[in-house]
Each structure stands twice: as structure tokens, then as C-alpha cells.
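Shown below: work_18.txt, with compact mmCIF, C-alpha atoms.
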# COMPACT_ATOMS: atom_id res chain seq x y z
CA MET A 165 0.00 0.00 0.00
CA GLN A 166 1.28 3.48 -0.85
CA ASP A 167 2.25 5.74 2.00
CA GLN A 168 1.17 9.38 1.98
CA GLN A 169 4.52 10.61 0.58
CA GLU A 170 4.24 8.34 -2.50
CA ALA A 171 0.56 9.06 -3.16
CA ASN A 172 -0.63 11.05 -6.15
CA PRO A 173 -0.40 14.69 -4.95
CA GLY A 174 -4.00 15.36 -6.01
CA VAL A 175 -5.26 12.32 -4.11
CA ALA A 176 -3.25 13.29 -1.02
CA ARG A 177 -4.69 16.81 -1.17
CA LEU A 178 -8.21 15.41 -1.60
CA SER A 179 -7.65 13.16 1.41
CA ASP A 180 -6.69 16.18 3.51
CA GLU A 181 -9.75 18.12 2.30
CA ILE A 182 -12.08 15.22 3.12
CA ILE A 183 -10.73 15.15 6.68
CA ARG A 184 -11.23 18.91 6.85
CA LEU A 185 -14.85 18.54 5.66
CA ILE A 186 -15.55 15.77 8.17
CA ARG A 187 -14.19 17.92 11.01
CA MET A 188 -16.55 20.74 9.96
CA GLY A 189 -19.57 18.40 9.91
CA PRO A 190 -20.75 18.90 13.50
CA ARG A 191 -20.48 22.67 13.23
CA PHE A 192 -22.33 22.65 9.88
CA ARG A 193 -25.12 20.53 11.41
CA GLY A 194 -25.28 22.97 14.31
CA MET A 195 -25.77 25.85 11.89
CA LEU A 196 -28.79 24.24 10.23
CA LYS A 197 -31.82 26.25 11.27
CA THR A 198 -34.48 23.55 11.50
CA GLY A 199 -35.71 23.78 15.06
CA ASP A 200 -36.24 20.62 17.09
CA LEU A 201 -37.35 17.80 14.80
CA GLY A 202 -37.61 15.21 17.58
CA ALA A 203 -34.63 12.97 16.79
CA GLU A 204 -30.86 13.12 16.53
CA PHE A 205 -29.36 14.28 13.26
CA SER A 206 -28.03 10.81 12.40
CA ALA A 207 -31.54 9.37 12.79
CA LEU A 208 -33.06 12.17 10.72
CA MET A 209 -30.67 11.29 7.87
CA LEU A 210 -32.48 7.95 7.55
CA LEU A 211 -35.59 9.80 6.38
CA LEU A 212 -33.91 10.82 3.12
CA PRO A 213 -33.44 7.32 1.65
CA LEU A 214 -36.86 6.28 2.96
CA ARG A 215 -38.44 9.23 1.18
CA ALA A 216 -36.51 8.50 -2.02
CA ASN A 217 -36.90 4.70 -2.05
CA GLY A 218 -40.15 4.13 -0.19
CA PRO A 219 -40.70 1.79 2.75
CA MET A 220 -37.74 -0.44 3.62
CA ARG A 221 -36.78 -3.09 6.11
CA VAL A 222 -34.26 -1.99 8.72
CA THR A 223 -31.71 -4.47 7.35
CA ASP A 224 -32.05 -3.01 3.85
CA LEU A 225 -31.73 0.50 5.24
CA ALA A 226 -28.57 -0.56 7.11
CA ASP A 227 -27.11 -2.00 3.90
CA LEU A 228 -27.96 1.17 2.00
CA LYS A 229 -26.38 3.38 4.69
CA GLN A 230 -23.49 0.91 5.09
CA ALA A 231 -24.05 0.93 8.82
CA ASP A 232 -24.48 -1.67 11.51
CA PRO A 233 -28.12 -2.84 11.75
CA SER A 234 -28.16 -2.37 15.54
CA THR A 235 -27.19 1.29 15.08
CA ILE A 236 -29.91 1.77 12.47
CA SER A 237 -32.44 0.04 14.76
CA ARG A 238 -31.72 2.54 17.54
CA GLN A 239 -32.07 5.44 15.13
CA VAL A 240 -35.29 4.00 13.70
CA ALA A 241 -36.72 3.81 17.22
CA GLN A 242 -36.12 7.56 17.58
CA LEU A 243 -37.91 8.27 14.30
CA VAL A 244 -40.90 6.15 15.24
CA LYS A 245 -41.12 7.68 18.73
CA ALA A 246 -41.01 11.19 17.20
CA GLY A 247 -43.76 10.30 14.71
CA LEU A 248 -41.44 10.87 11.76
CA ALA A 249 -41.68 7.26 10.58
CA ARG A 250 -43.96 4.30 11.18
CA ARG A 251 -43.58 0.55 11.03
CA GLU A 252 -45.82 -1.32 8.63
CA ALA A 253 -46.16 -4.95 7.64
CA ASP A 254 -43.96 -6.05 4.78
CA PRO A 255 -46.30 -7.24 2.01
CA ALA A 256 -43.66 -9.77 0.87
CA ASP A 257 -43.40 -11.29 4.36
CA GLY A 258 -46.12 -10.53 6.90
CA ARG A 259 -43.81 -11.54 9.76
CA ALA A 260 -41.40 -8.71 8.89
CA SER A 261 -41.91 -4.97 9.08
CA ARG A 262 -40.79 -2.06 6.99
CA LEU A 263 -40.20 1.52 7.92
CA ALA A 264 -42.14 4.25 6.10
CA VAL A 265 -41.95 8.04 6.35
CA THR A 266 -44.99 9.79 7.83
CA GLY A 267 -46.36 13.16 6.77
CA THR A 268 -44.50 14.72 9.69
CA GLY A 269 -41.34 12.96 8.50
CA LEU A 270 -41.79 14.39 5.01
CA GLU A 271 -42.13 17.88 6.53
CA ALA A 272 -38.90 17.25 8.49
CA CYS A 273 -37.15 16.24 5.23
CA GLU A 274 -38.29 19.47 3.62
CA ARG A 275 -37.06 21.55 6.56
CA LEU A 276 -33.69 19.78 6.57
CA GLY A 277 -33.30 20.15 2.82
CA ALA A 278 -34.20 23.83 2.83
CA ALA A 279 -31.80 24.52 5.71
CA ARG A 280 -28.98 22.58 4.04
CA ILE A 281 -29.48 24.38 0.72
CA ALA A 282 -29.66 27.80 2.42
CA LEU A 283 -26.38 27.16 4.25
CA LEU A 284 -24.62 25.89 1.11
CA GLU A 285 -25.90 28.86 -0.89
CA ARG A 286 -24.33 31.14 1.70
CA ALA A 287 -21.04 29.24 1.56
CA LEU A 288 -20.95 29.27 -2.26
CA SER A 289 -22.39 32.74 -2.80
CA ASP A 290 -19.18 33.98 -4.46
CA TRP A 291 -18.95 31.01 -6.84
CA PRO A 292 -20.27 31.33 -10.40
CA ALA A 293 -23.16 28.94 -11.13
CA GLU A 294 -21.05 27.02 -13.68
CA ARG A 295 -18.41 26.30 -11.05
CA VAL A 296 -21.02 25.08 -8.55
CA ASP A 297 -22.51 22.81 -11.23
CA ALA A 298 -19.07 21.43 -12.16
CA PHE A 299 -18.21 20.79 -8.51
CA ALA A 300 -21.56 19.06 -7.93
CA ARG A 301 -20.98 16.77 -10.94
CA LEU A 302 -17.45 15.89 -9.81
CA PHE A 303 -18.53 15.37 -6.21
CA GLU A 304 -21.34 13.05 -7.33
CA GLU A 305 -18.87 11.07 -9.44
CA PHE A 306 -16.49 10.89 -6.47
CA ASN A 307 -19.23 9.68 -4.12
CA THR A 308 -20.33 7.04 -6.64
CA SER A 309 -16.75 5.75 -6.91
CA VAL A 310 -16.30 5.60 -3.14
CA GLU A 311 -19.67 3.85 -2.68
CA ALA A 312 -18.70 1.26 -5.30
CA LEU A 313 -15.42 0.62 -3.51
CA LEU A 314 -17.10 0.29 -0.12
CA ARG A 315 -19.60 -2.21 -1.51
CA THR A 316 -16.93 -4.42 -3.10
CA ASP A 317 -13.85 -4.20 -0.85
CA LEU A 318 -14.10 -7.41 1.13
CA GLY A 319 -10.93 -6.55 3.04
CA ALA A 320 -12.45 -3.37 4.45
CA PRO A 321 -12.85 -3.07 8.23
CA PRO A 322 -16.32 -3.64 9.74
CA ARG A 323 -18.97 -1.07 8.83
CA GLU A 324 -19.39 2.01 10.92
CA ASN A 325 -22.26 4.46 10.95
CA LEU A 326 -21.54 6.72 7.98

As C-alpha cells, the full file:
Amino acid sequence: MQDQQEANPGVARLSDEIIRLIRMGPRFRGMLKTGDLGAEFSALMLLLPLRANGPMRVTDLADLKQADPSTISRQVAQLVKAGLARREADPADGRASRLAVTGTGLEACERLGAARIALLERALSDWPAERVDAFARLFEEFNTSVEALLRTDLGAPPRENL
């Protein structure tokens, strides 16, 4: 495996910037003006794939989020308790349940999305629209590549809550 000194300079710089972005994450979340939505931020992030993909089993949601199912189960419990999601019978297997977003959960998604966009618009206010679009395309391509690696690298350490 390459050490940092032998790495492609662009990849090494990207690695540093990813760490920088991760460190800013808690402060960014704290700046989101959403009010109390009834669950922790990590639990609220489960609403987004549920809204996009429809009702899902907890195990499928854990696979999608590449997180431990026990972690997702705890977060799901918060969503259900807050009325942001509900459990429903799985039509494919009546013994199993799926998680579905409620109307209140959809409203929470909208509030989170609007707050996230407002904060990013402030951060990128000096960027020309073409540059924002180019960055978004490249960042999407990057995320797709990393997701593909994480789904296929059998030598990777155990999953953590991403």
C-alpha cells in the first residue's frame, strides 16, 4: 500500500480536504436552522433514503447506509417515537416490518433540505453557477466511486455508521 509521501499529490490533497470537511460536519449541522425535529441528526438522515426509495426493512436501510443494523435500529426507534416514521407490515413477508416516512417525516425532510441548501448557498455565494454545477458533478462522481469501492472491498474493516 502506498504511504502518503508516495501518493498522487492530487489524491493526497483530496484526502486532507475530506478530513477537513468531516471535522466541519458537526459545526455545519449545528448551523442548520431547523428547530427541534424530535430525533438526533443521524436518525433524521435515515428519512432521506426512505423518502426517495419508499418503505424499507431496517436491514435493507442498514445496507444502504453501510451501517451496523443495531445502530440503524436505535435510530429508527427515535424516528418512530417522534412520529417521523412508522412501522408497517412487509407485504412480501407478513412476519417482517418495513419503515415508512410519515407526513410529519416528510415535513422534516423538507425543513432539513431547505436549511442545508440555504447554508450551502451562503457558503458558495461567491462562486459562479457554472463552477457550482461542475463541482456538484465531480462530487457526485467521487461519491459514486467511493460507494462502489465500499460495496466491493471485502478486506475493508467492519462497517461504521456513515

Restricting the calculation to all atoms listed in the file: of A:Pro255, A:Arg177, A:Val296, A:Phe192, which residue gets closest to A:Ala279?
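For A:Ala279, the nearest of the candidates is A:Phe192.
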
Got a sec to check which residues sit within 12 Å of (-25.3, 28.1, 4.7), counting only C-alpha atoms, and write them as a ChimeraX atom specification?
/A:191-197,276-289

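For the pair atom CA of A:Asp200 and atom CA of A:Lys245, the interatomic distance is 13.9 Å.
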
Separating atom CA of A:Val265 from atom CA of A:Glu304, to the nearest tenth of an Å, is a gap of 25.2 Å

Can you pull out every residue within 12 Å of A:Ala260, counting all atoms listed in the file, but drop anything in the same chain fewer than 6 positions away, and send it as a CSV table (one decimal) with C-alpha atoms, in the coordinates of the input?
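Once everything was written out, this is around_5.csv:
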chain,number,residue,atom,x,y,z
A,220,MET,CA,-37.7,-0.4,3.6
A,221,ARG,CA,-36.8,-3.1,6.1
A,222,VAL,CA,-34.3,-2.0,8.7
A,223,THR,CA,-31.7,-4.5,7.4
A,251,ARG,CA,-43.6,0.6,11.0
A,252,GLU,CA,-45.8,-1.3,8.6
A,253,ALA,CA,-46.2,-5.0,7.6
A,254,ASP,CA,-44.0,-6.0,4.8

Who sits within 12 Å of A:Ser206, all atoms listed in the file, same chain under 5 positions skipped, as a tab-separated table (two decimals) with C-alpha atoms, in the frame of the given file:
chain	number	residue	atom	x	y	z
A	189	GLY	CA	-19.57	18.40	9.91
A	190	PRO	CA	-20.75	18.90	13.50
A	193	ARG	CA	-25.12	20.53	11.41
A	201	LEU	CA	-37.35	17.80	14.80
A	211	LEU	CA	-35.59	9.80	6.38
A	212	LEU	CA	-33.91	10.82	3.12
A	229	LYS	CA	-26.38	3.38	4.69
A	231	ALA	CA	-24.05	0.93	8.82
A	235	THR	CA	-27.19	1.29	15.08
A	236	ILE	CA	-29.91	1.77	12.47
A	237	SER	CA	-32.44	0.04	14.76
A	238	ARG	CA	-31.72	2.54	17.54
A	239	GLN	CA	-32.07	5.44	15.13
A	240	VAL	CA	-35.29	4.00	13.70
A	242	GLN	CA	-36.12	7.56	17.58
A	243	LEU	CA	-37.91	8.27	14.30
A	325	ASN	CA	-22.26	4.46	10.95
A	326	LEU	CA	-21.54	6.72	7.98

Atom CA of A:Ile186 and atom CA of A:Pro213, how far apart in Å?
20.8 Å

Edge lengths and centre in Å, axis-aligned, stretch 211-224 of chain A plus 3 Å each side, as JSON:
{"center_x": -36.2, "center_y": 3.2, "center_z": 3.3, "size_x": 15.0, "size_y": 21.3, "size_z": 16.8}

Could you check which of A:Ala216, A:Leu210, A:Leu302, A:Leu248 is closest to A:Gly267, using all atoms listed in the file?
A:Leu248

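Among the candidate residues A:Gly174, A:Gly202, A:Pro292, A:Gly218, the one lying nearest to A:Ala241 is A:Gly202, with distances computed using only C-alpha atoms.
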
With distances taken over only C-alpha atoms, which residue among A:Leu228, A:Ala203, A:Ala176, A:Met188 lies nearest A:Leu314?
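Of A:Leu228, A:Ala203, A:Ala176, A:Met188, the one nearest A:Leu314, counting only C-alpha atoms, is A:Leu228.
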